[in-house]
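Text of target-v9.pdb, listed as PDB, C-alpha atoms:
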```
ATOM      1  CA  MET G 184     103.908 104.450  50.770
ATOM      2  CA  ARG G 185     102.487 101.058  49.823
ATOM      3  CA  PHE G 186     105.432  99.359  51.479
ATOM      4  CA  LEU G 187     105.573 101.611  54.493
ATOM      5  CA  ILE G 188     102.953  99.846  56.605
ATOM      6  CA  PRO G 189     104.351  96.312  56.126
ATOM      7  CA  LEU G 190     107.829  97.692  56.764
ATOM      8  CA  ILE G 191     106.754  99.310  60.039
ATOM      9  CA  LEU G 192     104.972  96.122  61.098
ATOM     10  CA  PHE G 193     108.084  94.140  60.266
ATOM     11  CA  ILE G 194     110.322  96.454  62.302
ATOM     12  CA  VAL G 195     107.962  96.308  65.280
ATOM     13  CA  MET G 196     107.935  92.516  65.109
ATOM     14  CA  VAL G 197     111.713  92.340  64.872
ATOM     15  CA  ALA G 198     112.011  94.654  67.871
ATOM     16  CA  PHE G 199     109.701  92.445  69.944
ATOM     17  CA  LEU G 200     111.541  89.280  68.936
ATOM     18  CA  ALA G 201     114.930  90.851  69.627
ATOM     19  CA  VAL G 202     113.867  91.832  73.136
ATOM     20  CA  GLY G 203     112.339  88.398  73.693
ATOM     21  CA  LEU G 204     115.552  86.731  72.634
ATOM     22  CA  LYS G 205     117.515  88.681  75.223
ATOM     23  CA  LEU G 206     115.189  87.858  78.121
ATOM     24  CA  ASP G 207     116.327  85.121  80.443
ATOM     25  CA  PRO G 208     113.396  82.801  81.135
ATOM     26  CA  ARG G 209     115.105  81.596  84.301
ATOM     27  CA  GLU G 210     114.880  85.092  85.723
ATOM     28  CA  VAL G 211     111.626  84.929  87.650
ATOM     29  CA  PRO G 212     110.781  88.230  89.330
ATOM     30  CA  SER G 213     110.867  87.752  93.083
ATOM     31  CA  PRO G 214     107.779  88.865  94.974
ATOM     32  CA  PHE G 215     110.035  89.678  97.937
ATOM     33  CA  ILE G 216     111.620  92.853  96.587
ATOM     34  CA  GLY G 217     110.800  95.668  98.992
ATOM     35  CA  LYS G 218     109.518  93.290 101.651
ATOM     36  CA  PRO G 219     111.124  92.351 104.960
ATOM     37  CA  ALA G 220     113.204  89.200 104.835
ATOM     38  CA  PRO G 221     111.120  86.124 105.728
ATOM     39  CA  ALA G 222     111.483  85.112 109.350
ATOM     40  CA  PHE G 223     113.773  82.178 109.959
ATOM     41  CA  SER G 224     116.217  80.824 112.464
ATOM     42  CA  LEU G 225     118.653  78.069 111.580
ATOM     43  CA  PRO G 226     121.696  76.460 113.125
ATOM     44  CA  GLN G 227     124.963  77.780 111.754
ATOM     45  CA  LEU G 228     126.944  75.567 109.454
ATOM     46  CA  ALA G 229     130.193  75.790 111.365
ATOM     47  CA  ASP G 230     128.661  75.535 114.833
ATOM     48  CA  PRO G 231     125.217  73.911 115.251
ATOM     49  CA  SER G 232     124.881  75.323 118.759
ATOM     50  CA  LYS G 233     124.715  78.872 117.344
ATOM     51  CA  THR G 234     121.785  80.077 115.314
ATOM     52  CA  PHE G 235     121.495  82.441 112.395
ATOM     53  CA  GLY G 236     118.233  84.172 111.580
ATOM     54  CA  ASN G 237     116.649  87.163 109.919
ATOM     55  CA  ALA G 238     117.363  89.241 113.062
ATOM     56  CA  ASP G 239     121.073  88.933 112.203
ATOM     57  CA  LEU G 240     120.423  90.598 108.849
ATOM     58  CA  LYS G 241     119.418  93.914 110.396
ATOM     59  CA  GLY G 242     121.659  96.870 111.173
ATOM     60  CA  GLN G 243     123.781  96.928 108.055
ATOM     61  CA  VAL G 244     123.529  96.300 104.346
ATOM     62  CA  SER G 245     124.371  92.659 103.674
ATOM     63  CA  LEU G 246     124.323  89.933 101.059
ATOM     64  CA  LEU G 247     122.672  86.582 101.577
ATOM     65  CA  ASN G 248     124.105  84.073  99.157
ATOM     66  CA  VAL G 249     122.337  80.733  98.731
ATOM     67  CA  TRP G 250     124.869  78.019  97.999
ATOM     68  CA  ALA G 251     125.505  74.303  98.207
ATOM     69  CA  SER G 252     128.478  72.023  97.796
ATOM     70  CA  TRP G 253     126.629  70.062  95.096
ATOM     71  CA  CYS G 254     125.997  73.205  93.056
ATOM     72  CA  VAL G 255     128.278  73.532  90.063
ATOM     73  CA  SER G 256     127.521  77.180  89.301
ATOM     74  CA  CYS G 257     128.389  78.078  92.904
ATOM     75  CA  LYS G 258     131.949  77.000  92.204
ATOM     76  CA  GLN G 259     131.989  79.324  89.216
ATOM     77  CA  GLU G 260     130.816  82.227  91.354
ATOM     78  CA  HIS G 261     133.044  81.432  94.301
ATOM     79  CA  PRO G 262     136.259  83.320  93.365
ATOM     80  CA  LEU G 263     134.253  86.525  93.024
ATOM     81  CA  LEU G 264     132.733  86.086  96.494
ATOM     82  CA  ILE G 265     136.180  85.418  97.950
ATOM     83  CA  ALA G 266     137.490  88.599  96.327
ATOM     84  CA  LEU G 267     134.525  90.579  97.650
ATOM     85  CA  SER G 268     134.965  89.266 101.162
ATOM     86  CA  LYS G 269     138.549  90.542 101.105
ATOM     87  CA  GLN G 270     137.376  94.023 100.161
ATOM     88  CA  HIS G 271     135.183  94.209 103.305
ATOM     89  CA  ILE G 272     132.460  96.174 101.562
ATOM     90  CA  LEU G 273     129.677  94.407 103.405
ATOM     91  CA  PRO G 274     129.110  91.157 105.268
ATOM     92  CA  ILE G 275     128.293  88.196 103.044
ATOM     93  CA  TYR G 276     126.115  85.608 104.706
ATOM     94  CA  GLY G 277     125.587  82.149 103.308
ATOM     95  CA  LEU G 278     122.529  79.960 103.244
ATOM     96  CA  ASN G 279     123.811  76.447 102.799
ATOM     97  CA  TYR G 280     120.854  74.970 100.929
ATOM     98  CA  LYS G 281     119.926  71.275 101.035
ATOM     99  CA  ASP G 282     123.450  70.237 101.765
ATOM    100  CA  GLU G 283     125.171  67.940 104.171
ATOM    101  CA  ARG G 284     127.121  69.556 106.931
ATOM    102  CA  ASP G 285     130.368  67.719 106.258
ATOM    103  CA  ALA G 286     130.140  68.290 102.518
ATOM    104  CA  GLY G 287     129.430  71.996 103.033
ATOM    105  CA  LEU G 288     132.253  72.494 105.504
ATOM    106  CA  GLY G 289     134.648  70.512 103.317
ATOM    107  CA  TRP G 290     133.733  72.651 100.322
ATOM    108  CA  LEU G 291     134.484  75.863 102.245
ATOM    109  CA  LYS G 292     137.745  74.440 103.510
ATOM    110  CA  HIS G 293     138.793  73.501 100.004
ATOM    111  CA  PHE G 294     137.697  76.586  98.086
ATOM    112  CA  GLY G 295     137.898  79.201 100.857
ATOM    113  CA  ASN G 296     135.190  80.739 103.003
ATOM    114  CA  PRO G 297     133.864  84.163 101.965
ATOM    115  CA  TYR G 298     130.973  84.040 104.444
ATOM    116  CA  THR G 299     130.773  85.924 107.720
ATOM    117  CA  ALA G 300     128.426  83.119 108.722
ATOM    118  CA  SER G 301     126.484  80.409 106.961
ATOM    119  CA  ALA G 302     123.063  79.160 108.008
ATOM    120  CA  PHE G 303     122.529  75.454 107.514
ATOM    121  CA  ASP G 304     119.253  74.680 105.741
ATOM    122  CA  ALA G 305     119.360  70.885 105.479
ATOM    123  CA  ASP G 306     115.802  70.246 104.283
ATOM    124  CA  GLY G 307     115.487  73.399 102.173
ATOM    125  CA  LYS G 308     112.444  74.707 104.102
ATOM    126  CA  VAL G 309     113.979  78.132 104.608
ATOM    127  CA  GLY G 310     114.941  78.115 100.939
ATOM    128  CA  ILE G 311     111.263  77.736 100.073
ATOM    129  CA  GLU G 312     110.395  80.569 102.490
ATOM    130  CA  TRP G 313     112.800  82.755 100.524
ATOM    131  CA  GLY G 314     111.469  81.604  97.167
ATOM    132  CA  VAL G 315     114.730  79.943  96.192
ATOM    133  CA  TYR G 316     114.416  77.858  93.050
ATOM    134  CA  GLY G 317     117.933  77.563  91.758
ATOM    135  CA  VAL G 318     121.253  77.972  93.488
ATOM    136  CA  PRO G 319     123.211  80.167  93.541
ATOM    137  CA  GLU G 320     120.925  83.056  94.369
ATOM    138  CA  THR G 321     121.955  86.268  96.064
ATOM    139  CA  PHE G 322     119.769  88.696  97.986
ATOM    140  CA  VAL G 323     120.734  92.267  98.818
ATOM    141  CA  ILE G 324     119.305  93.212 102.206
ATOM    142  CA  ASP G 325     119.226  96.776 103.509
ATOM    143  CA  LYS G 326     119.812  98.058 107.037
ATOM    144  CA  GLN G 327     116.173  97.516 108.001
ATOM    145  CA  GLY G 328     116.345  93.885 106.954
ATOM    146  CA  VAL G 329     114.296  94.499 103.809
ATOM    147  CA  ILE G 330     115.131  92.588 100.626
ATOM    148  CA  ARG G 331     116.012  95.104  97.933
ATOM    149  CA  HIS G 332     117.357  92.982  95.107
ATOM    150  CA  LYS G 333     117.684  89.375  94.067
ATOM    151  CA  HIS G 334     120.245  88.009  91.674
ATOM    152  CA  THR G 335     119.557  84.555  90.257
ATOM    153  CA  GLY G 336     122.465  82.471  89.056
ATOM    154  CA  PRO G 337     126.146  83.108  89.624
ATOM    155  CA  ILE G 338     127.129  86.742  90.142
ATOM    156  CA  THR G 339     129.276  87.845  87.241
ATOM    157  CA  GLU G 340     131.825  90.631  87.389
ATOM    158  CA  GLU G 341     129.556  92.585  85.054
ATOM    159  CA  ALA G 342     126.438  92.115  87.229
ATOM    160  CA  TRP G 343     128.435  93.111  90.305
ATOM    161  CA  GLN G 344     129.786  96.313  88.773
ATOM    162  CA  ASN G 345     126.598  97.336  86.984
ATOM    163  CA  SER G 346     123.769  96.452  89.316
ATOM    164  CA  LEU G 347     124.812  95.059  92.700
ATOM    165  CA  LEU G 348     127.610  97.402  93.735
ATOM    166  CA  PRO G 349     125.831 100.672  92.821
ATOM    167  CA  LEU G 350     122.759  99.502  94.755
ATOM    168  CA  ILE G 351     124.841  98.518  97.776
ATOM    169  CA  ILE G 352     126.598 101.888  97.842
ATOM    170  CA  GLN G 353     123.248 103.657  97.605
ATOM    171  CA  LEU G 354     121.776 101.518 100.394
ATOM    172  CA  GLN G 355     124.772 102.109 102.630
ATOM    173  CA  LYS G 356     124.166 105.847 102.333
ATOM    174  CA  GLU G 357     120.563 105.483 103.483
ATOM    175  CA  GLY G 358     119.771 106.253 107.102
ATOM    176  CA  SER G 359     120.428 103.772 109.862
ATOM    177  CA  PRO G 360     117.444 101.904 111.280
ATOM    178  CA  THR G 361     115.505 103.948 113.767
TER     179      THR G 361
ATOM    180  CA  MET Y 126     118.682  37.952  78.058
ATOM    181  CA  ARG Y 127     114.993  38.425  77.446
ATOM    182  CA  VAL Y 128     114.324  38.401  81.181
ATOM    183  CA  CYS Y 129     116.933  41.088  81.592
ATOM    184  CA  LEU Y 130     115.257  43.236  78.989
ATOM    185  CA  ILE Y 131     111.843  42.806  80.579
ATOM    186  CA  LEU Y 132     113.257  43.678  83.991
ATOM    187  CA  PHE Y 133     114.931  46.736  82.519
ATOM    188  CA  GLY Y 134     111.686  47.813  80.889
ATOM    189  CA  LEU Y 135     109.832  47.385  84.167
ATOM    190  CA  ALA Y 136     112.433  49.392  86.020
ATOM    191  CA  MET Y 137     112.177  52.185  83.450
ATOM    192  CA  SER Y 138     108.396  52.293  83.681
ATOM    193  CA  LEU Y 139     108.629  52.412  87.477
ATOM    194  CA  SER Y 140     110.947  55.398  87.440
ATOM    195  CA  LEU Y 141     108.585  57.244  85.123
ATOM    196  CA  GLN Y 142     105.583  56.707  87.366
ATOM    197  CA  ALA Y 143     104.083  59.172  89.814
ATOM    198  CA  ILE Y 144     106.792  60.009  92.192
ATOM    199  CA  GLU Y 145     105.475  59.788  95.714
ATOM    200  CA  ILE Y 146     102.644  58.037  97.421
ATOM    201  CA  ARG Y 147     100.562  60.435  99.461
ATOM    202  CA  GLN Y 148      98.063  59.380 102.079
ATOM    203  CA  PHE Y 149      94.939  61.512 102.403
ATOM    204  CA  ASP Y 150      92.242  61.130 105.023
ATOM    205  CA  ASP Y 151      89.618  62.474 102.635
ATOM    206  CA  PRO Y 152      89.179  61.761  98.898
ATOM    207  CA  ALA Y 153      88.175  65.404  98.350
ATOM    208  CA  LYS Y 154      91.584  66.470  99.657
ATOM    209  CA  GLN Y 155      93.280  64.028  97.336
ATOM    210  CA  GLN Y 156      91.313  65.492  94.430
ATOM    211  CA  ALA Y 157      92.276  69.020  95.482
ATOM    212  CA  TYR Y 158      95.921  68.048  95.753
ATOM    213  CA  GLU Y 159      95.963  66.362  92.363
ATOM    214  CA  ASN Y 160      94.280  69.331  90.711
ATOM    215  CA  LEU Y 161      96.709  71.737  92.328
ATOM    216  CA  VAL Y 162      99.930  70.020  91.377
ATOM    217  CA  LYS Y 163      98.720  69.896  87.782
ATOM    218  CA  GLU Y 164      97.920  73.625  87.746
ATOM    219  CA  LEU Y 165     101.087  74.829  89.421
ATOM    220  CA  ARG Y 166     104.223  75.358  87.461
ATOM    221  CA  CYS Y 167     107.619  74.044  88.391
ATOM    222  CA  LEU Y 168     110.276  76.757  88.580
ATOM    223  CA  VAL Y 169     113.166  74.546  87.653
ATOM    224  CA  CYS Y 170     111.813  72.842  84.532
ATOM    225  CA  GLN Y 171     109.658  75.731  83.538
ATOM    226  CA  ASN Y 172     107.460  73.964  81.049
ATOM    227  CA  GLN Y 173     106.383  71.283  83.460
ATOM    228  CA  SER Y 174     103.777  71.314  86.163
ATOM    229  CA  LEU Y 175     104.649  70.346  89.706
ATOM    230  CA  ALA Y 176     102.982  66.997  89.026
ATOM    231  CA  ASP Y 177     105.173  66.245  86.010
ATOM    232  CA  SER Y 178     108.472  67.527  87.255
ATOM    233  CA  ASP Y 179     111.078  65.274  88.748
ATOM    234  CA  ALA Y 180     113.145  68.204  90.030
ATOM    235  CA  ASP Y 181     114.084  68.203  93.677
ATOM    236  CA  LEU Y 182     112.383  71.536  94.272
ATOM    237  CA  ALA Y 183     109.150  70.295  92.673
ATOM    238  CA  LYS Y 184     109.177  67.410  95.109
ATOM    239  CA  ASP Y 185     109.625  69.764  98.066
ATOM    240  CA  LEU Y 186     106.860  72.015  96.792
ATOM    241  CA  ARG Y 187     104.530  69.041  96.341
ATOM    242  CA  THR Y 188     105.250  68.163  99.964
ATOM    243  CA  GLU Y 189     104.331  71.722 100.994
ATOM    244  CA  VAL Y 190     101.102  71.595  98.981
ATOM    245  CA  TYR Y 191     100.325  68.195 100.467
ATOM    246  CA  SER Y 192     100.787  69.334 104.042
ATOM    247  CA  ILE Y 193      98.659  72.447 103.465
ATOM    248  CA  ILE Y 194      95.801  70.458 101.919
ATOM    249  CA  GLN Y 195      96.085  67.625 104.417
ATOM    250  CA  SER Y 196      95.905  70.086 107.317
ATOM    251  CA  GLY Y 197      92.436  71.009 106.076
ATOM    252  CA  LYS Y 198      93.226  74.358 104.474
ATOM    253  CA  SER Y 199      91.691  75.411 101.174
ATOM    254  CA  GLU Y 200      93.201  75.151  97.708
ATOM    255  CA  GLN Y 201      93.455  78.941  97.687
ATOM    256  CA  ALA Y 202      95.645  78.786 100.781
ATOM    257  CA  ALA Y 203      98.048  76.431  99.003
ATOM    258  CA  VAL Y 204      98.109  78.626  95.889
ATOM    259  CA  LYS Y 205      98.690  81.704  98.046
ATOM    260  CA  PHE Y 206     101.583  79.989  99.816
ATOM    261  CA  LEU Y 207     103.362  79.487  96.513
ATOM    262  CA  VAL Y 208     102.454  82.833  94.955
ATOM    263  CA  ASP Y 209     103.697  84.652  98.086
ATOM    264  CA  ARG Y 210     107.094  83.027  97.654
ATOM    265  CA  TYR Y 211     107.507  82.559  93.933
ATOM    266  CA  GLY Y 212     105.137  85.106  92.390
ATOM    267  CA  ASP Y 213     102.478  84.668  89.732
ATOM    268  CA  PHE Y 214     104.998  82.720  87.714
ATOM    269  CA  VAL Y 215     103.890  79.481  89.407
ATOM    270  CA  LEU Y 216     100.379  79.846  88.036
ATOM    271  CA  TYR Y 217      99.602  78.397  84.638
ATOM    272  CA  ASN Y 218      96.444  80.468  84.812
ATOM    273  CA  PRO Y 219      97.620  83.952  85.804
ATOM    274  CA  PRO Y 220      95.127  86.386  87.371
ATOM    275  CA  LEU Y 221      93.965  89.472  85.491
ATOM    276  CA  LYS Y 222      95.931  92.391  86.958
ATOM    277  CA  THR Y 223      97.469  95.558  85.568
ATOM    278  CA  SER Y 224     100.764  93.771  85.041
ATOM    279  CA  THR Y 225      99.087  90.917  83.149
ATOM    280  CA  SER Y 226      96.538  93.017  81.264
ATOM    281  CA  LEU Y 227      98.596  92.948  78.075
ATOM    282  CA  LEU Y 228      98.704  89.169  78.269
ATOM    283  CA  TRP Y 229      94.956  88.855  78.688
ATOM    284  CA  LEU Y 230      93.707  91.725  76.530
ATOM    285  CA  GLY Y 231      96.501  91.839  73.933
ATOM    286  CA  PRO Y 232      95.062  89.117  71.675
ATOM    287  CA  PHE Y 233      91.639  90.781  71.660
ATOM    288  CA  ALA Y 234      93.237  94.145  70.867
ATOM    289  CA  LEU Y 235      95.093  92.529  67.965
ATOM    290  CA  LEU Y 236      91.872  90.904  66.717
ATOM    291  CA  LEU Y 237      90.036  94.218  66.938
ATOM    292  CA  GLY Y 238      92.878  95.976  65.116
ATOM    293  CA  GLY Y 239      92.783  93.346  62.373
ATOM    294  CA  LEU Y 240      89.020  93.677  61.958
ATOM    295  CA  VAL Y 241      89.214  97.474  61.767
ATOM    296  CA  PHE Y 242      92.013  97.224  59.196
ATOM    297  CA  LEU Y 243      89.968  94.736  57.160
ATOM    298  CA  GLY Y 244      86.908  96.988  57.342
ATOM    299  CA  VAL Y 245      88.839 100.030  56.177
ATOM    300  CA  LEU Y 246      90.369  98.035  53.325
ATOM    301  CA  ALA Y 247      86.995  96.660  52.214
ATOM    302  CA  ARG Y 248      85.379 100.067  52.291
ATOM    303  CA  LYS Y 249      88.227 101.570  50.236
ATOM    304  CA  ARG Y 250      87.840  98.841  47.616
ATOM    305  CA  SER Y 251      84.107  99.141  47.242
ATOM    306  CA  ALA Y 252      84.434 102.929  47.079
ATOM    307  CA  GLY Y 253      87.020 102.513  44.339
ATOM    308  CA  ARG Y 254      84.719 100.218  42.374
ATOM    309  CA  LYS Y 255      81.829 102.681  42.492
ATOM    310  CA  ALA Y 256      84.059 105.464  41.332
ATOM    311  CA  GLU Y 257      84.819 103.588  38.101
ATOM    312  CA  PRO Y 258      83.582 105.818  35.249
ATOM    313  CA  ALA Y 259      80.590 104.481  33.290
ATOM    314  CA  LEU Y 260      81.111 103.673  29.631
ATOM    315  CA  THR Y 261      79.692 106.013  27.037
ATOM    316  CA  GLY Y 262      77.322 104.659  24.382
ATOM    317  CA  GLU Y 263      80.075 104.608  21.799
ATOM    318  CA  GLU Y 264      82.438 102.693  24.055
ATOM    319  CA  ARG Y 265      79.772 100.143  24.897
ATOM    320  CA  GLN Y 266      79.208  99.546  21.218
ATOM    321  CA  ARG Y 267      82.940  98.993  20.677
ATOM    322  CA  LEU Y 268      82.970  96.550  23.581
ATOM    323  CA  GLN Y 269      80.148  94.546  22.024
ATOM    324  CA  GLU Y 270      81.981  94.473  18.710
ATOM    325  CA  LEU Y 271      85.174  93.273  20.327
ATOM    326  CA  LYS Y 272      83.297  90.553  22.202
ATOM    327  CA  LYS Y 273      81.684  89.347  19.002
ATOM    328  CA  LYS Y 274      85.064  89.275  17.292
ATOM    329  CA  LEU Y 275      86.551  87.203  20.057
ATOM    330  CA  GLU Y 276      83.689  84.719  20.063
ATOM    331  CA  GLY Y 277      84.042  84.903  16.307
TER     332      GLY Y 277
END
```
Transcribe the structure of this file into structure tokens.
Amino acid sequence: MRFLIPLILFIVMVAFLAVGLKLDPREVPSPFIGKPAPAFSLPQLADPSKTFGNADLKGQVSLLNVWASWCVSCKQEHPLLIALSKQHILPIYGLNYKDERDAGLGWLKHFGNPYTASAFDADGKVGIEWGVYGVPETFVIDKQGVIRHKHTGPITEEAWQNSLLPLIIQLQKEGSPT
Amino acid sequence: MRVCLILFGLAMSLSLQAIEIRQFDDPAKQQAYENLVKELRCLVCQNQSLADSDADLAKDLRTEVYSIIQSGKSEQAAVKFLVDRYGDFVLYNPPLKTSTSLLWLGPFALLLGGLVFLGVLARKRSAGRKAEPALTGEERQRLQELKKKLEG
């Protein structure tokens, strides 16, 4: 009995520390979850005469992947995106963040292009509108153009299977925009 | 050689200096800007303020804060701009809300808990002391005898 209270305190402390150790400090909760995608309109990477904006994100469940040719982790994530694009589950849009057009296009040519379209955000202003702080970042957007989930850092196979894919399937079952 | 070293030292000190030069039309705005970038947290190097951070994003965010302040809007407008996009995380001084109540009230709750615990412990001890049985006359006499023996 004398040792019970210190023991309980110790276990509680260990539990707190264990949880704290598992938390990723880079994972900052996005204030955008459940809110409509911020308004933007940018030239497309492949063709500057065409634009890509938040209006293009409505109508079906889609991914918006923030990437750049200078981003090392994007390269790590890239094979997974390529594989996903071949499965045609949903359109994957790119936001080419603070890149140079030639570098971005060259990167896609070299590693393959998983994107239905990429918006070209040269000065990163749209990135700030979306609360981007580290590439790669991936947003799941529902049929109404509302952001439902944000994944920071490269998408891993595990994250895809456990959190992104189930959410996408659920969102695809939801009603079409009225 | 020595000149080289001095030049190198100068170059180093330059690169460590404040990063951009900002022009303000009003010293009050400059003050507001400088206060803000010290209070706002950089998302890339998370233990640095926007003022300290050399990250590319911090630079962009300083530019945003600058243009908001320079356009004559309030400090709150600049803070709101960042909180709307990046959440309360950017604030070194988070507001008291339900989600942050543990952060703000937790330490006081712990202090209160500690004081209560201490109080209970103290009361138990003093109660225990009072409960000590008094010595009988015979025992007291033996105690005196023992004391005398010891002092001998």
Show which residues sit within 12 Å of stretch 218-232 of chain Y, as a short mmCIF file (atom, residue, chain, number, x, y, z; two decimals) with C-alpha atoms, keeping the file's coordinate frame. Count all atoms listed in the file, and ignore same-chain residues fewer than 2 positions away.
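The resulting file, result_10.cif, is reproduced below:
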```cif
data_model
loop_
_atom_site.label_atom_id
_atom_site.label_comp_id
_atom_site.auth_asym_id
_atom_site.auth_seq_id
_atom_site.Cartn_x
_atom_site.Cartn_y
_atom_site.Cartn_z
CA LEU Y 161 96.71 71.74 92.33
CA LYS Y 163 98.72 69.90 87.78
CA GLU Y 164 97.92 73.62 87.75
CA LEU Y 165 101.09 74.83 89.42
CA ARG Y 166 104.22 75.36 87.46
CA SER Y 174 103.78 71.31 86.16
CA VAL Y 204 98.11 78.63 95.89
CA VAL Y 208 102.45 82.83 94.96
CA GLY Y 212 105.14 85.11 92.39
CA ASP Y 213 102.48 84.67 89.73
CA PHE Y 214 105.00 82.72 87.71
CA VAL Y 215 103.89 79.48 89.41
CA LEU Y 216 100.38 79.85 88.04
CA ALA Y 234 93.24 94.14 70.87
CA LEU Y 235 95.09 92.53 67.96
CA LEU Y 236 91.87 90.90 66.72
CA LEU Y 237 90.04 94.22 66.94
CA GLY Y 238 92.88 95.98 65.12
CA GLY Y 239 92.78 93.35 62.37
#
```
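The interface of chain G with chain Y at 12 Å, considering all atoms listed in the file, consists of Ile188, Asp207, Pro208, Arg209, Glu210, Val211, Pro212, Ser213, Pro214, Phe215, Ile216, Lys218, Ala220, Pro221, Tyr280, Lys281, Asp306, Gly307, Lys308, Val309, Gly310, Ile311, Glu312, Trp313, Gly314, Val315, Tyr316, Gly317 and Val318 of chain G.
What separates atom CA of G:Ala238 from atom CA of G:His332 is a distance of 18.3 Å.
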Counting all atoms listed in the file, what is within 7 Å of G:Tyr276, bar same-chain residues fewer than 3 positions away, as a ChimeraX atom specification?
-> /G:246-248,298-301
Within 12 Å of Y:Pro152 using only C-alpha atoms, minus same-chain residues under 6 positions, as an MDAnalysis selection string | chainID Y and resid 158:159 194:195
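Every protein, DNA or RNA residue with an atom at most 10 Å from G:Ile272, where all atoms listed in the file count and chain neighbours fewer than 6 positions away do not, is listed here: G:Val244, G:Ser245, G:Leu348, G:Ile351, G:Ile352, G:Gln355.
The space separating atom CA of G:Val255 from atom CA of G:Pro319 comes to 9.0 Å.
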Can you tell me which residues surround Y:Ser192 at a distance of at most 12 Å, considering all atoms listed in the file, apart from same-chain residues fewer than 6 positions away, and format the answer as an mmCIF file with C-alpha atoms, in the coordinates of the input?
```cif
data_model
loop_
_atom_site.group_PDB
_atom_site.id
_atom_site.type_symbol
_atom_site.label_atom_id
_atom_site.label_comp_id
_atom_site.auth_asym_id
_atom_site.auth_seq_id
_atom_site.Cartn_x
_atom_site.Cartn_y
_atom_site.Cartn_z
ATOM 1 C CA ARG Y 147 100.562 60.435 99.461
ATOM 2 C CA GLN Y 148 98.063 59.380 102.079
ATOM 3 C CA PHE Y 149 94.939 61.512 102.403
ATOM 4 C CA ASP Y 150 92.242 61.130 105.023
ATOM 5 C CA LYS Y 154 91.584 66.470 99.657
ATOM 6 C CA GLN Y 155 93.280 64.028 97.336
ATOM 7 C CA TYR Y 158 95.921 68.048 95.753
ATOM 8 C CA ASP Y 185 109.625 69.764 98.066
ATOM 9 C CA LEU Y 186 106.860 72.015 96.792
ATOM 10 C CA LYS Y 198 93.226 74.358 104.474
ATOM 11 C CA SER Y 199 91.691 75.411 101.174
ATOM 12 C CA GLU Y 200 93.201 75.151 97.708
ATOM 13 C CA ALA Y 202 95.645 78.786 100.781
ATOM 14 C CA ALA Y 203 98.048 76.431 99.003
ATOM 15 C CA PHE Y 206 101.583 79.989 99.816
#
```
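From atom CA of G:Lys241 back to atom CA of G:Asp325, the distance works out to 7.5 Å.
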Quick one: which residues end up in the PyMOL selection byres ((chain G and resi 229) around 10) for this structure, as an MDAnalysis selection string?
-> chainID G and resid 226:228 230:233 284:285 287:288 300:303
Expected residue set, 12 Å radius at (119.8, 101.9, 100.5), only C-alpha atoms, as a ChimeraX atom specification = /G:217,242-245,323-332,347-360
